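Contents: one structure, followed by commentary.
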Amino acid sequence: MRLLAICIFLHTLISSESSLEVVQDEELMNLIRTEKHVIVLFSRKYCELCDKYEGELASLREDLVETLNAWVVKVEESQMTRLYSPNKEPVLVFFRHGIPLLYEGPLNDELILHTFTANKEPVTKELTDETFEHLTQAATGATTGDWFVMFYTPQCVDCARLQARWEAVGAELKSKLNVARVNKATTGAATARRFEVINVPSFILFRQGKLYRYQIQKFDVRSFVDFAQSWYKNVHPEKVPLPKSPFDDFVALVVDYMREFPWLWQLGFITFVAGLIGAVVARFMWGTVPEKKKTNKEKKEKSKNK
């Protein structure tokens with residue numbers, strides 16, 4: 001009996017050491033909002049590869065807690081999984097101040113630890129209309145190096161799903177070039193108009209006074225990294241335009257607005273045409289009003305005045 005109790009205790013101890021704390025989506029959201037570092041394994045039941053990931057993370061948990069003071073948890077069958085990866089579980093994500101970094105490397109505890117400790121702060125930079133040219137020096141191709149920029153809007157679902165992957169791109173290219181984002185809808189609207197960015201997400205590589213547009217319909221980490229390192233050479237380079245003058249930017253703003261809301265200018269055009277037709281008809285009718293016949297009294301008064 002005593003031997004059986006010891007065996008149960010040892011089994012429980014081993015199981016707890018090889019498994020992660022399970023949380024629900026609501027608990028996870030609270031952790032992401034309130035904790036500086038949260039490492040999450042998005043898993044599902046009856047998944048052999050998920051179990052392997054969990055084993056690696058469980059063995060790393062002590063190091064991750066000690067090095068990063070991070071929460072290391074697991075969530076099963078989560079509705080949030082597709083926000084961070086288009087693939088099925090397992091998905092491993094490292095949240096820093098709420099900003100996700102997708103891990104897509106091999107299942108290796110040393111590499112996982114190195115990736116997370118080397119990127120314990122967000123990697124990508126947020127550029128605005130005020131900071132873009134100063135930081136990138138895109139038009140001059142000067143000293144700040146190459147820049148790979150994603151244009152996005154907060155309302156774009158695909159952009160939100162790409163954030164964790166874009167951070168992974170930044171982590172992999174960190175020592176080679178700069179990776180950044182520009183909010184096309186608000187703080188980077190003029191910059192987006194400068195580079196004629198219409199749709200989001202859009203990606204542009206700025207290199208030595210030239211720009212290269214990413215037009216590949218693959219949004220995985222490896223495709224982005226390959227493009228930034230070498231594949232851009234297969235794309236026709238464009239000269240980086242100078243910032244627009246206030247007047248030119250206003251014209252571009254109007255064009256963008258008309259493009260985004262075509263019904264407004266169509267309605268305005270219809271209203272203008274309708275008003276013009278109304279004016280012509282009114283003028284025609286006014287010009288064809290028959291002259292009022294003069295009465296005998298008016299004729300007599302006219303002859304007296306003569």
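Ligands are numbered from 1 in the order shown, chains are lettered A, B, ... in the order of the structure tokens, and residues start at 1 in each chain.
Excluding segment 58-72 of chain A itself and any same-chain residue fewer than 6 positions from it, the protein and nucleic acid residues within 7 Å of it, counting only C-alpha atoms, are Glu17, Ser18, Ser19, Leu20, His37, Val38, Ile39, Val40, Asp109 and Thr117 of chain A.
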How would the residues just picked look written out with all heavy atoms as a tab-separated table (two decimals), in the first residue's frame?
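Writing done, so here's result05.tsv:
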chain	number	residue	atom	x	y	z
A	17	GLU	N	5.74	18.13	-13.91
A	17	GLU	CA	6.97	18.72	-14.43
A	17	GLU	C	7.02	18.70	-15.95
A	17	GLU	O	7.73	19.46	-16.57
A	17	GLU	CB	8.19	17.98	-13.85
A	17	GLU	CG	8.42	18.26	-12.37
A	17	GLU	CD	9.63	17.53	-11.84
A	17	GLU	OE1	10.15	16.65	-12.58
A	17	GLU	OE2	10.06	17.80	-10.71
A	18	SER	N	6.27	17.79	-16.58
A	18	SER	CA	6.30	17.66	-18.04
A	18	SER	C	5.07	18.29	-18.68
A	18	SER	O	4.83	18.09	-19.87
A	18	SER	CB	6.39	16.18	-18.44
A	18	SER	OG	5.25	15.48	-17.96
A	19	SER	N	4.26	19.00	-17.93
A	19	SER	CA	3.07	19.64	-18.48
A	19	SER	C	3.03	21.11	-18.07
A	19	SER	O	3.70	21.52	-17.12
A	19	SER	CB	1.80	18.92	-18.00
A	19	SER	OG	1.71	18.99	-16.59
A	20	LEU	N	2.25	21.87	-18.81
A	20	LEU	CA	2.12	23.29	-18.55
A	20	LEU	C	0.77	23.60	-17.93
A	20	LEU	O	-0.19	22.84	-18.07
A	20	LEU	CB	2.25	24.07	-19.87
A	20	LEU	CG	3.54	23.89	-20.66
A	20	LEU	CD1	3.45	24.64	-21.98
A	20	LEU	CD2	4.74	24.38	-19.85
A	37	HIS	N	5.75	39.59	-19.84
A	37	HIS	CA	6.16	38.48	-20.70
A	37	HIS	C	5.26	37.27	-20.48
A	37	HIS	O	5.12	36.81	-19.34
A	37	HIS	CB	7.62	38.09	-20.43
A	37	HIS	CG	8.61	39.13	-20.83
A	37	HIS	ND1	9.76	39.41	-20.10
A	37	HIS	CD2	8.63	39.97	-21.89
A	37	HIS	CE1	10.43	40.37	-20.70
A	37	HIS	NE2	9.77	40.72	-21.79
A	38	VAL	N	4.66	36.79	-21.56
A	38	VAL	CA	3.81	35.60	-21.49
A	38	VAL	C	4.15	34.71	-22.68
A	38	VAL	O	4.12	35.16	-23.83
A	38	VAL	CB	2.31	35.96	-21.53
A	38	VAL	CG1	1.46	34.70	-21.41
A	38	VAL	CG2	1.96	36.96	-20.42
A	39	ILE	N	4.49	33.46	-22.38
A	39	ILE	CA	4.78	32.48	-23.43
A	39	ILE	C	3.62	31.50	-23.49
A	39	ILE	O	3.25	30.89	-22.48
A	39	ILE	CB	6.10	31.74	-23.14
A	39	ILE	CG1	7.26	32.75	-23.17
A	39	ILE	CG2	6.34	30.62	-24.15
A	39	ILE	CD1	8.56	32.20	-22.62
A	40	VAL	N	3.03	31.35	-24.68
A	40	VAL	CA	1.80	30.58	-24.81
A	40	VAL	C	1.97	29.49	-25.87
A	40	VAL	O	2.42	29.76	-26.98
A	40	VAL	CB	0.61	31.48	-25.21
A	40	VAL	CG1	-0.68	30.67	-25.25
A	40	VAL	CG2	0.49	32.67	-24.27
A	109	ASP	N	15.13	23.16	-27.58
A	109	ASP	CA	15.00	23.97	-26.37
A	109	ASP	C	16.01	25.11	-26.33
A	109	ASP	O	15.69	26.23	-25.91
A	109	ASP	CB	15.10	23.10	-25.12
A	109	ASP	CG	16.38	22.27	-25.07
A	109	ASP	OD1	17.16	22.32	-26.05
A	109	ASP	OD2	16.60	21.58	-24.06
A	117	THR	N	14.93	35.06	-25.34
A	117	THR	CA	15.76	35.96	-24.54
A	117	THR	C	16.37	37.07	-25.39
A	117	THR	O	16.61	38.17	-24.91
A	117	THR	CB	16.88	35.19	-23.82
A	117	THR	OG1	17.62	34.42	-24.79
A	117	THR	CG2	16.30	34.25	-22.77
May I have the residues within 8 Å of Ser85 of chain A as an MDAnalysis selection string, using only C-alpha atoms and disregarding those fewer than 4 positions away in the same chain?
chainID A and resid 81 91 102 161 165
Shell of 9 Å around Lys176 of chain A, only C-alpha atoms, local chain residues under 2 positions omitted, as a PyMOL selection string
chain A and resi 145-146+172-174+178+229
Would you please work out which residue, of A:Asp220, A:Glu26, A:Glu56, A:Glu35, is nearest to Ile112 of chain A when using only C-alpha atoms?
A:Glu56
Those of segment 74-239 of chain A in DSSP helix (DSSP H, G or I), formatted as JSON, numbers by chain:
{"A": [81, 82, 83, 84, 109, 110, 111, 112, 113, 114, 115, 116, 117, 118, 132, 133, 134, 135, 136, 157, 158, 159, 160, 161, 162, 163, 164, 165, 166, 167, 168, 169, 170, 171, 172, 173, 189, 190, 191, 192, 193, 194, 221, 222, 223, 224, 225, 226, 227, 228, 229, 231, 232, 233, 234]}
May I have the residues within 10 Å of Gly98 of chain A as an NGL selection string, using only C-alpha atoms and disregarding those fewer than 5 positions away in the same chain?
:A and (29 or 31-38 or 122)
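With atom CA of Leu135 of chain A on one side and atom CA of Thr187 of chain A on the other, the separation reads 15.1 Å.
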Using DSSP on the backbone, list every residue of segment 63-239 of chain A that comes out as strand (DSSP E), and give them as an NGL selection string.
:A and (71-76 or 91-96 or 99-103 or 125-127 or 147-152 or 178-183 or 202-207 or 210-213 or 238-239)
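Relative to atom CA of Glu196 of chain A, atom CA of Gln155 of chain A is found at 19.3 Å.
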Long-range neighbours of Pro90 of chain A as a ChimeraX atom specification, 10 Å cut-off, only C-alpha atoms, 3 positions minimum in chain
/A:41-44,47-54,76,81,85,87,93
Please indicate the distance in Å from atom CA of Gln24 of chain A to atom CA of Cys159 of chain A, rounded to one decimal place.
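Answer for the atom CA of Gln24 of chain A to atom CA of Cys159 of chain A separation: 24.7 Å.
Within 10 Å of Gly141 of chain A, once only C-alpha atoms are used and residues closer than 3 positions along the same chain are dropped, the contacting residues are Thr136, Gln137, Ala138, Thr144, Gly145, Asp146, Phe206, Arg207, Gln208, Gly209, Lys210 and Val240 of chain A.
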Within 12 Å of Phe132 of chain A, counting only C-alpha atoms, which residues show up once you throw out same-chain ones fewer than 6 positions away? Write them as a list in words, please.
Lys125, Glu126, Ala138, Ala139, Thr144, Trp147, Val149, Ala180, Arg181, Val182, Asn183, Thr187, Gly188, Ala189, Ala190, Thr191, Ala192, Arg194, Phe195, Phe206, Leu242 and Pro243 of chain A
Taking only C-alpha atoms into account, which of A:Leu92, A:Ala168, A:Val73, A:Ala185 comes nearest Leu107 of chain A?
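Closest to Leu107 of chain A, using only C-alpha atoms: A:Leu92.
Comparing the minimum interatomic distances between Glu238 of chain A and each of A:Phe151, A:Tyr212, A:Phe224, A:Phe219, counting only C-alpha atoms, we find that A:Tyr212 sits nearest.
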